[in-house]
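**Q** Structure supplied as model_19.csv; contents: CSV, C-alpha atoms.
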chain,number,residue,atom,x,y,z
I,298,MET,CA,24.8,-20.3,8.8
I,299,THR,CA,24.0,-16.8,10.0
I,300,ASP,CA,20.6,-15.6,11.1
I,301,GLU,CA,20.4,-13.5,7.9
I,302,ASP,CA,21.2,-16.6,5.8
I,303,ALA,CA,18.5,-18.5,7.6
I,304,ARG,CA,16.0,-15.8,7.1
I,305,ARG,CA,16.7,-15.5,3.4
I,306,ARG,CA,16.5,-19.3,3.0
I,307,SER,CA,13.2,-19.5,4.8
I,308,GLY,CA,11.8,-16.5,2.9
I,309,ARG,CA,12.8,-17.9,-0.4
I,310,SER,CA,11.3,-21.3,0.3
I,311,ALA,CA,8.0,-19.6,1.2
I,312,VAL,CA,8.1,-17.6,-2.0
I,313,THR,CA,8.8,-20.5,-4.3
I,314,ALA,CA,5.9,-22.5,-2.8
I,315,GLY,CA,2.5,-22.0,-4.3
I,316,PRO,CA,1.1,-21.1,-7.8
I,317,PRO,CA,3.1,-19.0,-10.3
I,318,VAL,CA,3.8,-15.3,-9.6
I,319,ILE,CA,1.8,-12.8,-11.6
I,320,ARG,CA,3.6,-11.3,-14.6
I,321,SER,CA,2.9,-8.5,-17.1
I,322,ASP,CA,3.8,-10.3,-20.3
I,323,VAL,CA,0.3,-11.1,-21.5
I,324,PRO,CA,-0.9,-8.2,-23.8
I,325,GLY,CA,-4.2,-6.8,-22.7
I,326,SER,CA,-4.0,-8.2,-19.1
I,327,PHE,CA,-4.3,-5.9,-16.1
I,328,PRO,CA,-0.6,-6.1,-15.2
I,329,TRP,CA,0.3,-5.4,-18.9
I,330,GLN,CA,-2.0,-2.3,-18.9
I,331,VAL,CA,-0.3,-1.0,-15.8
I,332,LEU,CA,3.2,-1.2,-17.3
I,333,HIS,CA,2.0,-0.2,-20.8
I,334,ASP,CA,-0.4,2.6,-20.0
I,335,ARG,CA,-0.3,3.6,-16.3
I,336,HIS,CA,3.4,4.1,-15.9
I,337,PRO,CA,4.0,6.2,-19.1
I,338,ALA,CA,0.9,8.3,-18.1
I,339,LEU,CA,2.3,8.8,-14.6
I,340,ILE,CA,5.7,10.0,-15.9
I,341,ARG,CA,3.9,12.6,-18.1
I,342,LYS,CA,1.7,13.7,-15.1
I,343,VAL,CA,4.7,14.1,-12.8
I,344,ARG,CA,6.6,16.0,-15.5
I,345,ASP,CA,3.7,18.4,-16.0
I,346,ALA,CA,2.8,18.8,-12.3
I,347,THR,CA,6.2,20.2,-11.1
I,348,PRO,CA,8.4,22.7,-12.9
I,349,TYR,CA,11.5,20.5,-13.1
I,350,GLY,CA,14.5,21.9,-15.0
I,351,PRO,CA,16.0,20.4,-18.1
I,352,GLU,CA,18.2,17.8,-16.3
I,353,ARG,CA,15.2,16.3,-14.5
I,354,ARG,CA,12.9,16.5,-17.5
I,355,GLN,CA,15.5,14.7,-19.6
I,356,ALA,CA,15.9,12.0,-16.9
I,357,LEU,CA,12.1,11.5,-16.9
I,358,ASN,CA,12.1,11.3,-20.7
I,359,LEU,CA,14.9,8.7,-20.6
I,360,LEU,CA,12.9,6.6,-18.1
I,361,LEU,CA,9.9,6.8,-20.3
I,362,GLN,CA,11.9,5.6,-23.2
I,363,GLU,CA,13.4,2.7,-21.2
I,364,ILE,CA,10.0,1.4,-19.9
I,365,THR,CA,8.6,1.7,-23.4
I,366,ASP,CA,11.3,0.2,-25.5
I,367,GLY,CA,14.2,-0.9,-23.3
I,368,VAL,CA,15.3,-3.3,-20.6
I,369,ILE,CA,15.4,-2.8,-16.9
I,370,GLY,CA,18.4,-0.7,-16.0
I,371,PRO,CA,20.4,-0.7,-12.7
I,372,LEU,CA,20.4,2.0,-10.1
I,373,GLU,CA,23.2,4.5,-10.4
I,374,GLU,CA,26.5,3.6,-8.7
I,375,ARG,CA,26.2,6.3,-6.1
I,376,ALA,CA,22.7,5.3,-5.0
I,377,HIS,CA,22.5,5.0,-1.2
I,378,ASP,CA,20.3,1.9,-1.5
I,379,ARG,CA,22.1,0.2,-4.4
I,380,GLU,CA,23.2,-2.8,-2.4
I,381,LEU,CA,19.8,-3.2,-0.9
I,382,TRP,CA,18.1,-3.3,-4.3
I,383,ARG,CA,20.8,-5.7,-5.5
I,384,SER,CA,19.7,-8.1,-2.7
I,385,TRP,CA,16.1,-7.7,-3.9
I,386,ASP,CA,16.9,-8.0,-7.6
I,387,ARG,CA,16.5,-11.8,-8.1
I,388,GLY,CA,18.1,-11.4,-11.5
I,389,HIS,CA,15.5,-9.1,-13.1
I,390,VAL,CA,17.8,-6.2,-14.0
I,391,GLY,CA,18.7,-6.6,-17.6
I,392,GLN,CA,15.4,-8.3,-18.5
I,393,ARG,CA,12.5,-6.7,-20.4
I,394,TRP,CA,10.2,-4.9,-18.0
I,395,TYR,CA,7.3,-7.2,-19.0
I,396,ASP,CA,9.2,-10.4,-18.1
I,397,ALA,CA,9.8,-9.5,-14.5
I,398,PRO,CA,7.2,-10.4,-11.9
I,399,PHE,CA,4.5,-7.7,-11.8
I,400,LEU,CA,5.0,-6.8,-8.2
I,401,TRP,CA,8.8,-6.5,-8.7
I,402,ALA,CA,8.5,-4.4,-11.9
I,403,GLU,CA,5.9,-2.1,-10.5
I,404,SER,CA,7.8,-1.4,-7.3
I,405,TYR,CA,11.2,-0.9,-9.1
I,406,PHE,CA,9.6,1.5,-11.5
I,407,TYR,CA,8.7,3.8,-8.6
I,408,ARG,CA,12.2,3.6,-7.2
I,409,ARG,CA,13.6,4.6,-10.6
I,410,LEU,CA,11.1,7.5,-10.9
I,411,LEU,CA,12.5,8.9,-7.6
I,412,THR,CA,16.0,8.8,-9.2
I,413,ALA,CA,14.7,10.6,-12.3
I,414,VAL,CA,13.2,13.5,-10.3
I,415,GLY,CA,16.4,13.9,-8.1
I,416,TYR,CA,14.7,12.9,-4.9
I,417,PHE,CA,17.9,11.4,-3.4
I,418,GLU,CA,20.4,13.8,-5.1
I,419,PRO,CA,22.0,16.9,-3.5
I,420,GLY,CA,20.2,19.9,-4.9
I,421,PRO,CA,16.9,21.7,-4.9
I,422,TRP,CA,14.7,18.6,-5.6
I,423,ARG,CA,16.2,16.5,-2.8
I,424,GLY,CA,13.3,15.2,-0.7
I,425,VAL,CA,10.6,16.8,-2.8
I,426,ASP,CA,7.7,14.4,-3.1
I,427,PRO,CA,6.8,14.2,-6.9
I,428,PHE,CA,3.3,13.1,-6.0
I,429,GLU,CA,2.7,15.9,-3.5
I,430,PRO,CA,0.6,18.0,-5.9
I,431,PHE,CA,-1.8,15.1,-6.4
I,432,LYS,CA,-2.0,14.3,-2.7
I,433,GLN,CA,-2.6,18.0,-1.8
I,434,ALA,CA,-5.3,18.4,-4.3
I,435,GLU,CA,-7.2,15.4,-2.9
I,436,LEU,CA,-6.6,16.5,0.8
I,437,LEU,CA,-8.1,19.9,0.1
I,438,GLY,CA,-10.9,18.6,-2.1
I,439,GLU,CA,-14.6,18.3,-1.6
I,440,GLY,CA,-14.5,14.5,-1.1
I,441,VAL,CA,-12.3,14.9,2.0
I,442,GLY,CA,-14.5,17.8,3.2
I,443,ALA,CA,-17.5,15.5,3.0
I,444,GLU,CA,-15.6,12.8,5.0
I,445,LEU,CA,-14.8,15.3,7.7
I,446,ARG,CA,-18.4,16.5,8.0
I,447,ALA,CA,-19.5,12.9,8.3
I,448,LEU,CA,-17.5,12.5,11.4
I,449,GLU,CA,-20.1,14.7,13.2
I,450,ASP,CA,-22.6,11.9,12.9
I,451,LEU,CA,-20.3,9.4,14.7
I,452,SER,CA,-20.4,11.0,18.1
I,453,ALA,CA,-24.1,10.0,18.7
I,454,MET,CA,-23.6,6.4,17.8
I,455,PRO,CA,-23.2,3.6,20.4
I,456,ALA,CA,-19.6,2.4,20.6
I,457,GLY,CA,-20.2,-0.9,18.8
I,458,GLU,CA,-22.0,0.8,15.8
I,459,ARG,CA,-19.3,3.4,15.7
I,460,ALA,CA,-16.6,0.8,15.5
I,461,ARG,CA,-18.4,-1.0,12.6
I,462,THR,CA,-18.9,2.3,10.8
I,463,LEU,CA,-15.3,3.3,11.2
I,464,LEU,CA,-14.0,-0.1,10.0
I,465,GLN,CA,-16.2,0.2,6.9
I,466,ARG,CA,-15.1,3.7,6.1
I,467,ALA,CA,-11.4,2.6,6.5
I,468,LEU,CA,-12.1,-0.2,4.1
I,469,TRP,CA,-13.9,1.8,1.4
I,470,GLY,CA,-11.5,4.6,1.8
I,471,ASN,CA,-9.1,2.3,-0.1
I,472,GLN,CA,-10.9,3.4,-3.3
I,473,ALA,CA,-9.1,6.7,-2.9
I,474,ASP,CA,-6.1,5.6,-4.9
I,475,LEU,CA,-4.6,8.1,-7.3
I,476,GLY,CA,-2.5,5.5,-9.1
I,477,PHE,CA,-5.5,3.2,-9.7
I,478,ARG,CA,-7.3,6.1,-11.4
I,479,MET,CA,-4.6,6.1,-14.1
I,480,THR,CA,-5.5,2.6,-15.2
I,481,PRO,CA,-8.0,2.5,-18.1
I,482,GLY,CA,-11.4,1.7,-16.7
I,483,GLY,CA,-10.2,2.1,-13.1
I,484,GLY,CA,-11.2,4.5,-10.4
I,485,ARG,CA,-15.0,4.6,-10.3
I,486,PRO,CA,-16.2,7.3,-7.9
I,487,ALA,CA,-16.3,6.4,-4.2
I,488,GLY,CA,-19.7,5.3,-3.2
I,489,GLN,CA,-20.3,3.1,-6.3
I,490,ALA,CA,-19.2,0.0,-4.3
I,491,THR,CA,-21.1,-3.2,-5.2
I,492,GLY,CA,-20.1,-5.8,-2.7
I,493,LEU,CA,-18.3,-6.9,0.4
I,494,LEU,CA,-17.1,-10.4,-0.6
I,495,ALA,CA,-15.7,-11.4,2.8
I,496,ASP,CA,-16.3,-10.0,6.2
I,497,ASP,CA,-14.2,-11.1,9.2
I,498,SER,CA,-15.0,-7.9,11.2
I,499,ALA,CA,-16.0,-9.9,14.3
I,500,LEU,CA,-12.5,-11.6,14.3
I,501,ILE,CA,-10.8,-8.2,14.2
I,502,TRP,CA,-12.7,-6.8,17.2
I,503,ALA,CA,-12.3,-10.1,19.1
I,504,ALA,CA,-8.5,-10.0,18.6
I,505,VAL,CA,-8.3,-6.5,20.0
I,506,ASP,CA,-10.7,-7.3,22.9
I,507,ASP,CA,-8.9,-10.5,24.0
I,508,ARG,CA,-5.6,-8.7,24.6
I,509,ARG,CA,-6.7,-5.2,25.7
I,510,PRO,CA,-4.8,-3.0,26.5
I,511,ALA,CA,-2.6,-4.1,23.6
I,512,ARG,CA,-0.4,-3.0,20.7
I,513,VAL,CA,-2.0,-2.7,17.3
I,514,CYS,CA,-0.1,-2.2,14.1
I,515,LEU,CA,-1.7,-0.6,11.1
I,516,VAL,CA,0.2,-0.7,7.9
I,517,ALA,CA,-1.2,2.2,5.9
I,518,ASP,CA,-1.7,2.4,2.1
I,519,ASN,CA,-2.8,5.7,0.6
I,520,ALA,CA,-2.6,9.3,1.8
I,521,ALA,CA,-5.3,12.0,2.0
I,522,GLY,CA,-8.7,10.5,1.3
I,523,GLU,CA,-7.8,7.0,2.6
I,524,LEU,CA,-5.5,8.0,5.5
I,525,LEU,CA,-8.1,10.2,7.1
I,526,PRO,CA,-10.6,7.3,7.9
I,527,ASP,CA,-7.5,5.2,8.9
I,528,LEU,CA,-6.7,7.9,11.5
I,529,ALA,CA,-10.3,8.0,12.6
I,530,LEU,CA,-10.1,4.2,13.2
I,531,ILE,CA,-6.8,4.6,15.1
I,532,ASP,CA,-8.4,7.3,17.2
I,533,HIS,CA,-11.2,4.9,18.1
I,534,LEU,CA,-8.8,2.1,18.9
I,535,LEU,CA,-6.8,4.4,21.3
I,536,HIS,CA,-9.5,6.4,23.0
I,537,VAL,CA,-12.6,4.1,23.0
I,538,TRP,CA,-11.3,0.5,22.8
I,539,GLY,CA,-8.3,1.3,25.0
I,540,ALA,CA,-5.4,0.0,22.9
I,541,ARG,CA,-2.2,0.6,24.7
I,542,GLU,CA,-0.5,1.9,21.5
I,543,VAL,CA,-0.9,1.9,17.8
I,544,LEU,CA,2.2,1.6,15.5
I,545,LEU,CA,1.3,3.3,12.2
I,546,HIS,CA,3.6,2.0,9.4
I,547,VAL,CA,4.0,4.4,6.4
I,548,LYS,CA,6.4,4.4,3.5
I,549,PRO,CA,9.9,6.0,4.2
I,550,THR,CA,9.9,7.6,0.7
I,551,PRO,CA,7.2,8.4,-1.9
I,552,TYR,CA,5.8,5.3,-3.5
I,553,TYR,CA,2.9,4.2,-5.8
I,554,VAL,CA,1.7,7.8,-6.4
I,555,SER,CA,-0.5,8.2,-3.3
I,556,ASP,CA,1.1,6.0,-0.7
I,557,ALA,CA,1.4,7.7,2.7
I,558,VAL,CA,4.7,9.0,4.0
I,559,PRO,CA,5.3,10.7,7.4
I,560,ALA,CA,4.6,14.2,5.9
I,561,ASP,CA,1.2,12.9,4.8
I,562,VAL,CA,0.3,11.8,8.3
I,563,LEU,CA,1.1,15.2,9.6
I,564,ALA,CA,-0.8,16.9,6.8
I,565,CYS,CA,-3.9,14.8,7.7
I,566,VAL,CA,-3.7,15.5,11.4
I,567,ARG,CA,-3.4,19.2,10.6
I,568,ARG,CA,-6.4,18.9,8.3
I,569,LEU,CA,-8.5,17.3,11.0
I,570,THR,CA,-7.5,19.8,13.6
I,571,ALA,CA,-8.3,22.8,11.4
I,572,ALA,CA,-11.7,21.4,10.5
I,573,GLY,CA,-13.2,22.1,14.0
I,574,GLY,CA,-16.0,20.1,15.5
I,575,GLN,CA,-15.7,16.4,16.0
I,576,ALA,CA,-12.9,16.3,13.4
I,577,GLY,CA,-11.0,18.9,15.2
I,578,GLU,CA,-11.3,17.1,18.5
I,579,MET,CA,-10.1,13.9,16.9
I,580,GLY,CA,-7.1,15.8,15.4
I,581,GLU,CA,-6.2,17.1,18.9
I,582,ARG,CA,-6.4,13.6,20.4
I,583,LEU,CA,-4.2,12.2,17.7
I,584,ARG,CA,-1.6,15.0,18.2
I,585,GLY,CA,-1.7,14.2,21.9
I,586,ALA,CA,-1.3,10.5,21.3
I,587,MET,CA,1.7,11.1,19.1
I,588,GLY,CA,3.2,13.4,21.8
I,589,SER,CA,2.7,10.8,24.5
I,590,GLY,CA,4.0,7.9,22.5
I,591,ARG,CA,0.7,6.0,22.2
I,592,LEU,CA,0.6,6.7,18.4
I,593,VAL,CA,3.9,6.0,16.9
I,594,MET,CA,4.9,6.4,13.2
I,595,ARG,CA,7.1,3.7,11.8
I,596,THR,CA,9.1,3.6,8.5
I,597,HIS,CA,11.0,0.6,7.3
I,598,ALA,CA,13.0,0.1,4.1
I,599,PHE,CA,11.1,-3.2,3.5
I,600,SER,CA,7.9,-1.2,3.1
I,601,CYS,CA,9.2,-0.2,-0.3
I,602,ALA,CA,10.6,-3.7,-1.2
I,603,PRO,CA,9.4,-5.4,-4.4
I,604,LEU,CA,8.9,-8.6,-2.4
I,605,PRO,CA,6.1,-10.3,-0.4
I,606,TYR,CA,5.9,-10.1,3.4
I,607,ALA,CA,7.0,-13.8,3.5
I,608,GLU,CA,10.5,-12.4,3.0
I,609,MET,CA,10.3,-9.7,5.7
I,610,PRO,CA,13.4,-9.1,7.8
I,611,GLY,CA,13.7,-10.2,11.4
I,612,ASP,CA,13.1,-6.9,13.1
I,613,LEU,CA,9.9,-6.3,11.2
I,614,ARG,CA,8.8,-9.9,11.9
I,615,ARG,CA,9.4,-9.3,15.6
I,616,GLU,CA,7.3,-6.1,15.6
I,617,PHE,CA,4.3,-7.7,14.0
I,618,GLU,CA,4.7,-10.7,16.3
I,619,SER,CA,4.4,-8.4,19.3
I,620,ALA,CA,1.0,-6.9,18.2
I,621,ALA,CA,-2.4,-8.2,19.2
I,622,LEU,CA,-3.3,-7.5,15.6
I,623,THR,CA,-1.7,-6.1,12.5
I,624,ILE,CA,-4.1,-4.5,10.0
I,625,MET,CA,-2.9,-4.4,6.4
I,626,LYS,CA,-4.6,-1.7,4.4
I,627,GLY,CA,-5.0,-1.6,0.7
I,628,ASP,CA,-4.4,-3.6,-2.5
I,629,LEU,CA,-0.5,-3.4,-2.6
I,630,ASN,CA,-0.2,-4.6,1.0
I,631,TYR,CA,-2.7,-7.4,0.2
I,632,ARG,CA,-0.6,-8.5,-2.8
I,633,ARG,CA,2.5,-8.6,-0.6
I,634,LEU,CA,0.7,-10.3,2.3
I,635,VAL,CA,-0.8,-13.3,0.4
I,636,GLY,CA,1.8,-13.2,-2.4
I,637,ASP,CA,1.1,-11.7,-5.8
I,638,ARG,CA,0.3,-15.1,-7.4
I,639,THR,CA,-2.3,-16.8,-9.5
I,640,TRP,CA,-4.0,-18.2,-6.4
I,641,PRO,CA,-7.3,-20.1,-6.9
I,642,PRO,CA,-9.7,-17.5,-5.3
I,643,THR,CA,-11.1,-20.3,-3.1
I,644,THR,CA,-7.7,-20.7,-1.4
I,645,PRO,CA,-8.3,-20.1,2.4
I,646,PHE,CA,-6.9,-16.7,3.5
I,647,ALA,CA,-5.4,-18.4,6.6
I,648,SER,CA,-3.5,-20.8,4.4
I,649,ALA,CA,-2.0,-18.0,2.3
I,650,VAL,CA,-0.8,-16.1,5.4
I,651,ASP,CA,0.2,-19.0,7.6
I,652,TYR,CA,3.8,-17.7,7.7
I,653,PHE,CA,2.7,-14.4,9.3
I,654,PRO,CA,4.1,-14.1,12.8
I,655,GLY,CA,1.0,-12.8,14.6
I,656,PRO,CA,-2.7,-12.1,14.1
I,657,VAL,CA,-3.3,-10.3,10.9
I,658,ALA,CA,-6.2,-8.7,9.0
I,659,ALA,CA,-6.6,-7.2,5.6
I,660,LEU,CA,-8.9,-4.3,4.5
I,661,ARG,CA,-8.8,-4.1,0.8
I,662,THR,CA,-10.8,-3.0,-2.2
I,663,LEU,CA,-10.0,-5.2,-5.2
I,664,LYS,CA,-7.8,-3.4,-7.7
I,665,SER,CA,-5.6,-6.2,-9.0
I,666,ASP,CA,-5.9,-9.9,-10.0
I,667,VAL,CA,-4.8,-11.6,-6.8
I,668,VAL,CA,-7.6,-12.7,-4.4
I,669,VAL,CA,-8.1,-15.6,-1.9
I,670,GLY,CA,-10.6,-16.6,0.7
I,671,LEU,CA,-13.8,-16.6,-1.4
I,672,GLY,CA,-16.5,-19.2,-1.5
I,673,ALA,CA,-17.0,-21.2,-4.7
I,674,GLY,CA,-20.5,-19.9,-5.1
I,675,THR,CA,-19.4,-16.3,-4.8
I,676,VAL,CA,-16.7,-16.8,-7.4
I,677,ALA,CA,-19.1,-18.5,-9.8
I,678,THR,CA,-21.6,-15.7,-9.4
I,679,LEU,CA,-18.9,-13.0,-10.0
I,680,GLU,CA,-17.5,-14.8,-13.1
I,681,LYS,CA,-21.0,-15.0,-14.7
I,682,THR,CA,-21.3,-11.2,-14.7
I,683,GLY,CA,-18.5,-10.8,-17.2
I,684,GLU,CA,-17.3,-7.8,-15.3
I,685,PRO,CA,-13.6,-7.3,-14.3
I,686,TRP,CA,-14.6,-7.7,-10.6
I,687,ARG,CA,-11.0,-8.4,-9.5
I,688,THR,CA,-9.7,-5.1,-10.7
I,689,SER,CA,-12.6,-2.6,-10.8
I,690,GLY,CA,-12.3,-1.4,-7.2
I,691,THR,CA,-16.0,-1.9,-6.6
I,692,HIS,CA,-15.7,-5.1,-4.5
I,693,ALA,CA,-13.9,-5.4,-1.1
I,694,LEU,CA,-12.6,-7.8,1.5
I,695,ILE,CA,-12.3,-7.8,5.3
I,696,GLN,CA,-10.3,-10.9,6.0
I,697,ALA,CA,-8.5,-12.0,9.2
I,698,ARG,CA,-6.5,-14.8,10.7
I,699,VAL,CA,-6.2,-14.4,14.4
Could I get this structure in the form of C-alpha cells?
**A**
Amino acid sequence: MTDEDARRRSGRSAVTAGPPVIRSDVPGSFPWQVLHDRHPALIRKVRDATPYGPERRQALNLLLQEITDGVIGPLEERAHDRELWRSWDRGHVGQRWYDAPFLWAESYFYRRLLTAVGYFEPGPWRGVDPFEPFKQAELLGEGVGAELRALEDLSAMPAGERARTLLQRALWGNQADLGFRMTPGGGRPAGQATGLLADDSALIWAAVDDRRPARVCLVADNAAGELLPDLALIDHLLHVWGAREVLLHVKPTPYYVSDAVPADVLACVRRLTAAGGQAGEMGERLRGAMGSGRLVMRTHAFSCAPLPYAEMPGDLRREFESAALTIMKGDLNYRRLVGDRTWPPTTPFASAVDYFPGPVAALRTLKSDVVVGLGAGTVATLEKTGEPWRTSGTHALIQARV
C-alpha cells in the first residue's frame, strides 16, 4: 500500500466516524436556505457586478438553472483540476444538489461558478476574480476606515492588553463575511455581538510563548474587513511576541465570495501603508516581513477542497505539525476543522480535533449549525432564547487544543 493509499484510508476512517454529516435536504433549514436562496442570489449579483459578455452570462444562467432544477453536473473535460475533483467527489456528481453533504455542495458550487465566469479559460476573463467588486467596495468603505483609525489607540497599550485586543478584533472581524450577508436574516452589523461562548485565549498565548521564537500558521478566511485585523495580529506576533515566522494560508483561487486570495493580502497591505500613522507603520513592517521571509503566503489546492481537514494531504499535515500553533480563522475553516456534522454541542473541542497534527486554535463567529466545546448550561440558556444562535453571527468562539 502506498503512502497516498494509507493517507486516504486514514482520512476516510476519520470522516466516517462520528455523527452524521450536515445535509441541505430539509426545507427551511439553514443549509437548505444557503442552496435555495444564497447561491441563486450570488449568481445574480456576480452577473450584475461585472460586464460579462453573452457567453459568460449564458453560462451563469445555465448554472442558475442547474442549481435550481437540476442535478450536480461534472467539470468540463478540459478542466485543469478535473481529476483532483474526481478524487474529492465521493459519488455526489449526478445527485440532486440538496442530497450531497452541505460542505461538499457549497464548495463545489463555487468551483462551478469559476467555470461559468471563465476564470480558468483562455481569454479576457482568465484570472479575473468575480468577487473583486464586493471585496474592493468593503476595503475602501467606512468600516475599514474606522478599523484603521482604531489602530492608533493600540500603540499606548501595554503589550499584554494589546495582544488581547488584537485577538478579539481578529475574532469579531469574522463578522465581515460578504457571503453570509446574502443569507436571509444573516449579517447583522459588526458591533452587535452578544456573546463569547468559549475563550481559550490563554492557551493560545501560552502555546506561542512556550516555543518562542517559533513558526505560527494562520489559515485566513475573509478578505478586506476581516483580513486587516488578521494582519494586525500577525504584525504583533512577529514584532512584539517574536515569532520566527508566520505562514499565512490563503485560497489559491476565489472562493466563498469574500475568502482571501494572495491579491487580497497585497491589497490590504497597500491599504495599511497608504493610511499613514500606526496603520502605515504596520503596513511597512508587514512589507518588510514579506521581503525578509518572516511572513510567507501559502496557497494549497486543499484549501478549496470540499472535505474536512481530517483528509488533508501529507505535505499540509507536515506543515501544520511543524508549527507551534495553527490558528484557523472563520466559520468555513471551523466546519472543516471539527467536521461539518451534527455534533452534540457539548462535545469537547479537543476530541473533535484529536487528529490534527499539532497545536490548533479556532477563532470563529457562529454562522452555521456545527458547534462543539460548549458547556451544558450555556447550551440550555441559548436554546431557551428561541433565537438562531448557531447561525446569526452574533456569538463567537476562541477554542484551542495545545
**Q** Can you build me a table of range 528-563 of chain I residues sitting at most 8 Å from range 457-473 of chain I, with the closest atom pair per residue and its distance in Å to one decimal, using all atoms listed in the file, sorted by chain and residue number, as a tab-separated table?
**A**
residue	atom	partner	partner_atom	distance
I:Ala529	CA	I:Leu463	CA	7.0
I:Leu530	CA	I:Leu463	CA	5.6
I:His533	CA	I:Ala460	CA	7.3
**Q** Output C-alpha atoms for every residue in the selection just made, as a tab-separated table (two decimals), in the coordinates of the input.
**A**
chain	number	residue	atom	x	y	z
I	529	ALA	CA	-10.30	8.00	12.60
I	530	LEU	CA	-10.10	4.20	13.20
I	533	HIS	CA	-11.20	4.90	18.10
**Q** Could you check how far CA of Thr412 in chain I sits from CA of Phe327 in chain I, in Å to one decimal?
**A** 26.0 Å
**Q** Between I:Arg615, I:Lys664, I:Arg541, I:Lys548, which one has atoms that come closest to Ala586 in chain I, using only C-alpha atoms?
**A**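 Once distances to Ala586 in chain I are computed over only C-alpha atoms, the minimum belongs to I:Arg541.
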**Q** With distances taken over all atoms listed in the file, which of I:Ala456, I:Ala402, I:Leu445, I:Met625 is nearest to Cys514 in chain I?
**A** I:Met625
**Q** Between CA of Val699 in chain I and CA of Leu451 in chain I, what is the spacing in Å?
**A**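 Value for the CA of Leu451 in chain I-CA of Val699 in chain I distance: 27.7 Å.
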**Q** Distance cut-off 12 Å, centre (-7.9, -2.1, -1.3) in file coordinates, counting all atoms listed in the file: which residues qualify? Return them as a PyMOL selection string.
**A** chain I and resi 465-474+477+484+490+493+517-519+523+625-632+659-668+687-696
**Q** May I ask for the distance between CA of Val318 in chain I and CA of Phe399 in chain I, given in Å to one decimal place?
**A** 7.9 Å
**Q** Write out as a list in words which residues come within 8 Å of Pro645 in chain I when counting all atoms listed in the file, dropping same-chain ones fewer than 3 positions away.
**A**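 The contact residues come out as Ser648, Ala649, Val669, Gly670 and Leu671 of chain I.
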**Q** From the options I:Ile364, I:Ala647, I:Leu534, I:Leu569, which residue's atoms come nearest to Gln392 in chain I, counting only C-alpha atoms?
**A**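 Comparing I:Ile364, I:Ala647, I:Leu534, I:Leu569 against Gln392 in chain I, the winner is I:Ile364.
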**Q** Could I get range 620-624 of chain I from the block written as a compact mmCIF listing (two decimals), in the first residue's frame, with all heavy atoms?
**A**
# COMPACT_ATOMS: atom_id res chain seq x y z
N ALA I 620 4.41 23.70 13.20
CA ALA I 620 4.10 25.00 13.80
C ALA I 620 3.88 24.88 15.30
O ALA I 620 3.33 23.89 15.79
CB ALA I 620 2.86 25.58 13.14
N ALA I 621 4.30 25.92 16.03
CA ALA I 621 3.98 26.00 17.45
C ALA I 621 2.48 26.13 17.65
O ALA I 621 1.93 25.69 18.66
CB ALA I 621 4.69 27.19 18.09
N LEU I 622 1.80 26.73 16.67
CA LEU I 622 0.35 26.90 16.73
C LEU I 622 -0.17 27.16 15.32
O LEU I 622 0.44 27.90 14.55
CB LEU I 622 -0.02 28.08 17.64
CG LEU I 622 -1.51 28.37 17.81
CD1 LEU I 622 -2.17 27.24 18.61
CD2 LEU I 622 -1.74 29.70 18.51
N THR I 623 -1.30 26.54 15.00
CA THR I 623 -2.04 26.86 13.79
C THR I 623 -3.34 27.51 14.20
O THR I 623 -4.10 26.94 14.99
CB THR I 623 -2.32 25.61 12.94
OG1 THR I 623 -1.09 25.06 12.48
CG2 THR I 623 -3.20 25.95 11.75
N ILE I 624 -3.60 28.71 13.70
CA ILE I 624 -4.82 29.44 14.01
C ILE I 624 -5.75 29.33 12.80
O ILE I 624 -5.41 29.78 11.71
CB ILE I 624 -4.53 30.92 14.33
CG1 ILE I 624 -3.60 31.03 15.53
CG2 ILE I 624 -5.84 31.67 14.59
CD1 ILE I 624 -3.13 32.45 15.80
